[in-house]
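Peer 1: Supplied structure: coords06.cif, mmCIF, C-alpha atoms and all ligand atoms.
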```cif
data_upload
#
loop_
_atom_site.label_atom_id
_atom_site.label_comp_id
_atom_site.auth_asym_id
_atom_site.auth_seq_id
_atom_site.Cartn_x
_atom_site.Cartn_y
_atom_site.Cartn_z
CA MET A 1 26.36 79.81 20.10
CA ARG A 2 26.17 83.41 18.96
CA LEU A 3 29.68 83.17 17.60
CA VAL A 4 28.77 80.12 15.53
CA PHE A 5 25.81 82.00 14.12
CA LEU A 6 27.91 85.01 13.22
CA LEU A 7 30.51 82.80 11.62
CA LEU A 8 27.83 81.08 9.58
CA LEU A 9 26.41 84.41 8.49
CA PHE A 10 29.86 85.53 7.40
CA ILE A 11 30.43 82.37 5.38
CA ILE A 12 27.04 82.70 3.69
CA THR A 13 27.68 86.32 2.66
CA VAL A 14 31.09 85.49 1.27
CA PHE A 15 30.00 82.48 -0.77
CA ALA A 16 26.48 83.44 -1.77
CA THR A 17 27.53 85.53 -4.76
CA ASP A 18 27.36 83.94 -8.19
CA ASP A 19 29.95 84.16 -11.01
CA ASP A 20 32.91 85.24 -8.94
CA ASN A 21 33.94 85.65 -5.34
CA SER A 22 33.49 89.39 -5.07
CA PHE A 23 30.70 90.96 -3.06
CA ILE A 24 29.01 92.33 -6.13
CA THR A 25 28.63 90.26 -9.29
CA LYS A 26 30.18 91.11 -12.63
CA TYR A 27 26.68 91.94 -13.89
CA GLU A 28 26.02 94.34 -10.99
CA TYR A 29 29.42 95.94 -11.48
CA GLY A 30 28.73 96.38 -15.20
CA ALA A 31 25.30 97.84 -14.48
CA MET A 32 26.85 100.30 -12.04
CA LEU A 33 29.47 101.36 -14.57
CA TYR A 34 26.81 101.81 -17.23
CA GLU A 35 25.20 104.53 -15.14
CA ASN A 36 28.35 105.88 -13.54
CA PRO A 37 31.49 105.35 -15.66
CA ARG A 38 33.43 108.28 -14.11
CA GLY A 39 31.86 110.61 -16.62
CA ILE A 40 28.47 110.95 -18.26
CA GLY A 41 26.45 107.76 -17.78
CA CYS A 42 26.05 105.63 -20.91
CA ASN A 43 22.33 105.51 -20.14
CA LYS A 44 22.06 109.31 -20.60
CA CYS A 45 22.50 108.85 -24.36
CA HIS A 46 22.12 105.14 -25.07
CA ASN A 47 19.10 104.83 -22.80
CA ASN A 48 18.68 101.11 -22.04
CA GLY A 49 21.03 100.27 -24.92
CA LYS A 50 18.54 98.11 -26.76
CA LYS A 51 17.37 100.51 -29.44
CA GLU A 52 18.62 103.43 -31.47
CA VAL A 53 17.96 106.74 -29.72
CA ILE A 54 17.52 110.10 -31.43
CA ILE A 55 19.03 112.65 -29.06
CA ALA A 56 18.65 115.72 -31.26
CA LYS A 57 16.94 117.01 -34.38
CA TYR A 58 18.06 120.06 -36.29
CA ARG A 59 17.86 121.68 -39.72
CA ASP A 60 20.94 122.23 -41.83
CA LYS A 61 21.61 125.41 -43.84
CA LYS A 62 19.40 124.18 -46.67
CA GLY A 63 16.58 123.48 -44.24
CA ALA A 64 16.82 119.70 -44.42
CA LEU A 65 15.94 117.84 -41.22
CA LYS A 66 18.94 116.11 -39.59
CA TYR A 67 19.18 113.77 -36.63
CA ILE A 68 21.86 112.92 -34.11
CA LYS A 69 21.42 109.21 -33.55
CA VAL A 70 22.86 107.01 -30.83
CA PRO A 71 23.21 103.37 -31.90
CA PRO A 72 21.97 100.35 -29.90
CA LEU A 73 24.69 98.49 -27.98
CA THR A 74 23.55 94.93 -28.44
CA ASN A 75 25.27 94.07 -31.73
CA ILE A 76 28.86 95.05 -31.17
CA SER A 77 31.79 92.63 -30.78
CA PHE A 78 34.08 92.92 -27.75
CA GLU A 79 36.94 93.95 -30.05
CA ASN A 80 35.02 96.86 -31.55
CA PHE A 81 33.58 97.76 -28.17
CA LYS A 82 37.09 98.17 -26.74
CA ILE A 83 38.22 100.20 -29.74
CA LYS A 84 35.21 102.49 -29.39
CA LEU A 85 35.60 102.95 -25.63
CA ARG A 86 39.31 103.68 -25.92
CA ALA A 87 38.92 106.15 -28.76
CA ASP A 88 39.49 109.75 -27.80
CA LYS A 89 37.08 112.59 -28.25
CA THR A 90 38.34 113.65 -31.66
CA GLU A 91 36.91 110.48 -33.17
CA SER A 92 33.33 111.21 -32.19
CA LEU A 93 31.56 114.53 -32.14
CA VAL A 94 29.10 113.34 -29.54
CA MET A 95 30.30 110.44 -27.44
CA PRO A 96 32.65 111.45 -24.60
CA THR A 97 36.10 109.98 -23.96
CA TYR A 98 36.27 107.53 -21.06
CA PHE A 99 39.19 106.21 -19.09
CA LEU A 100 38.08 102.73 -18.13
CA THR A 101 40.38 99.86 -17.16
CA ASP A 102 40.39 96.46 -18.92
CA GLU A 103 38.47 94.95 -16.03
CA GLU A 104 35.87 97.71 -16.17
CA LEU A 105 35.45 97.33 -19.93
CA ASP A 106 35.07 93.60 -19.47
CA SER A 107 32.28 94.00 -16.87
CA LEU A 108 30.58 96.75 -18.86
CA TYR A 109 30.56 94.57 -21.99
CA TYR A 110 29.30 91.60 -19.97
CA TYR A 111 26.40 93.74 -18.74
CA ILE A 112 25.63 95.08 -22.23
CA GLN A 113 25.48 91.52 -23.63
CA LYS A 114 22.73 90.74 -21.12
CA LEU A 115 20.61 93.63 -22.39
CA LYS A 116 19.40 91.59 -25.36
C1 LIG B 201 26.75 112.12 -24.96
C2 LIG B 201 26.14 110.92 -25.50
C3 LIG B 201 26.80 109.56 -25.30
C4 LIG B 201 27.25 108.99 -24.12
C5 LIG B 201 27.20 109.58 -22.73
C6 LIG B 201 27.75 107.68 -24.48
N1 LIG B 201 27.62 107.47 -25.83
FE1 LIG B 201 28.19 105.79 -26.83
N2 LIG B 201 27.68 106.71 -28.59
C7 LIG B 201 27.11 107.95 -28.73
C8 LIG B 201 26.93 108.25 -30.15
C9 LIG B 201 26.32 109.53 -30.72
C10 LIG B 201 27.44 107.15 -30.86
C11 LIG B 201 27.49 106.93 -32.38
C12 LIG B 201 28.30 107.94 -33.11
C13 LIG B 201 29.68 108.12 -32.54
O1 LIG B 201 30.42 107.17 -32.48
O2 LIG B 201 29.94 109.24 -32.12
C14 LIG B 201 27.92 106.19 -29.85
C15 LIG B 201 28.48 104.97 -30.14
C16 LIG B 201 28.80 104.00 -29.20
C17 LIG B 201 29.28 102.67 -29.52
C18 LIG B 201 29.52 102.11 -30.91
C19 LIG B 201 28.28 101.35 -31.32
C20 LIG B 201 28.39 100.77 -32.70
O3 LIG B 201 27.61 99.86 -32.99
O4 LIG B 201 29.22 101.24 -33.47
C21 LIG B 201 29.46 102.01 -28.34
C22 LIG B 201 29.94 100.58 -28.15
C23 LIG B 201 29.12 102.94 -27.29
N3 LIG B 201 28.70 104.14 -27.85
C24 LIG B 201 29.15 102.63 -25.94
C25 LIG B 201 29.01 103.58 -24.93
C26 LIG B 201 29.26 103.29 -23.53
C27 LIG B 201 29.64 101.92 -22.96
C28 LIG B 201 29.06 104.46 -22.86
C29 LIG B 201 29.31 104.74 -21.40
C30 LIG B 201 30.60 104.39 -20.85
C31 LIG B 201 28.64 105.46 -23.84
N4 LIG B 201 28.63 104.88 -25.08
C32 LIG B 201 28.29 106.77 -23.58
C33 LIG B 201 26.74 108.79 -27.70
C34 LIG B 201 27.04 108.60 -26.36
#
```
Output the structure of this file as structure tokens.
Ligand code: HEC
Peer 2:
Amino acid sequence: MRLVFLLLLFIITVFATDDDNSFITKYEYGAMLYENPRGIGCNKCHNNGKKEVIIAKYRDKKGALKYIKVPPLTNISFENFKIKLRADKTESLVMPTYFLTDEELDSLYYYIQKLK
């Protein structure tokens, strides 16, 4: 009897996940990567990704006020997203370089699409 119960519990845990057969969903995986992408979390600069964020204000030599702005993430195509995330540091003065796999980029993009 106990064995049957345990077996049932096992089957439920394995099949109860949506989307795919893994223990965490693609969305959960993407959300995890957003905060911990083996580097500085995207959330540290992009916040919740829905709106532009001003991370710094400064004055240039002539005294004009300048801003360092971080764009929202909700309007980018998967193609441009991949280009951006594979670009190395020399292409951006602010955003770090990441070393994410295709699968990770796919989940991260999936998560970002749900931010809307
Ligand atoms: C240190 C701050 C910082 C972190 C951390 C950061 N970004 Fe960015 N991101 C920026 C800034 C600033 C820009 C815009 C200017 C540029 O490209 O440097 C940008 C641009 C982007 C763009 C291009 C948006 C567009 O519409 O052109 C995408 C996509 C993006 N970031 C995704 C991410 C993801 C995903 C992560 C985490 C893996 C991340 N960023 C982490 C600062 C950051």
Peer 1: Just give me the gap between atom CA of A:Leu115 and atom CA of A:Asn47 in Å, one decimal is fine.
Peer 2: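 Interatomic distance here is 11.3 Å.
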Peer 1: Find, counting only C-alpha atoms and all ligand atoms, the residue in A:Ser77, A:Asn36, A:Ser92, A:Thr25 that gets nearest to ligand LIG 201 (chain B).
Peer 2: A:Ser92
Peer 1: One decimal, Å: what's the distance from atom C26 of ligand LIG 201 (chain B) over to atom CA of A:Gly39, could you say?
Peer 2: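 Result for atom C26 of ligand LIG 201 (chain B) versus atom CA of A:Gly39: 10.4 Å, one decimal.
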Peer 1: List all protein, DNA and RNA residues that have any atom at most 7 Å from ligand LIG 201 (chain B), counting only C-alpha atoms and all ligand atoms, and write the list as a list of chain:residue names.
Peer 2: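 Here is the list of contacting residues: A:Tyr34, A:Pro37, A:Ile40, A:Gly41, A:Cys42, A:Asn43, A:Lys44, A:Cys45, A:His46, A:Ile68, A:Lys69, A:Val70, A:Pro71, A:Pro72, A:Leu73, A:Asn75, A:Ile76, A:Phe81, A:Lys84, A:Leu85, A:Ser92, A:Leu93, A:Val94, A:Met95, A:Pro96, A:Tyr98, A:Leu108.
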Peer 1: My list of candidates is A:Ala56, A:Ala31, A:Leu100, A:Leu105. Which is closest to A:Asn80 when distances are computed with all atoms listed in the file?
Peer 2: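 Nearest candidate to A:Asn80 out of A:Ala56, A:Ala31, A:Leu100, A:Leu105: A:Leu105.
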Peer 1: If I take atom CA of A:Lys116 and atom CA of A:Glu79, how far is one from the other in Å, to one decimal?
Peer 2: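 Going from atom CA of A:Lys116 over to atom CA of A:Glu79 covers 18.3 Å.
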Peer 1: In terms of the shortest atom-to-atom distance over only C-alpha atoms, which of A:Ala87, A:Ser107, A:Lys51, A:Leu6 is closest to A:Ile24?
Peer 2: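 Residue with the minimum atom-to-atom distance to A:Ile24: A:Ser107.
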Peer 1: Enumerate, as number ranges by chain, the protein, DNA and RNA residues whose atoms approach (36.8, 94.0, -16.3) to within 12 Å, taking into account only C-alpha atoms and the coordinate frame of the file.
Peer 2: A: 25-27, 29-30, 33, 78, 82, 100-111
Peer 1: When you count all atoms listed in the file, which of these residues is closest to A:Ile112: A:Arg2, A:Lys50, A:Arg38, A:Lys62?
Peer 2: A:Lys50
Peer 1: Assuming 6 Å of padding per side, give the centre and edge lengths of the axis-aligned box around every listed atom of stretch 55-72 of chain A, in Å to one decimal and as AutoDock Vina command-line options.
Peer 2:
```
--center_x 19.6 --center_y 112.9 --center_z -37.9 --size_x 19.3 --size_y 37.1 --size_z 29.6
```
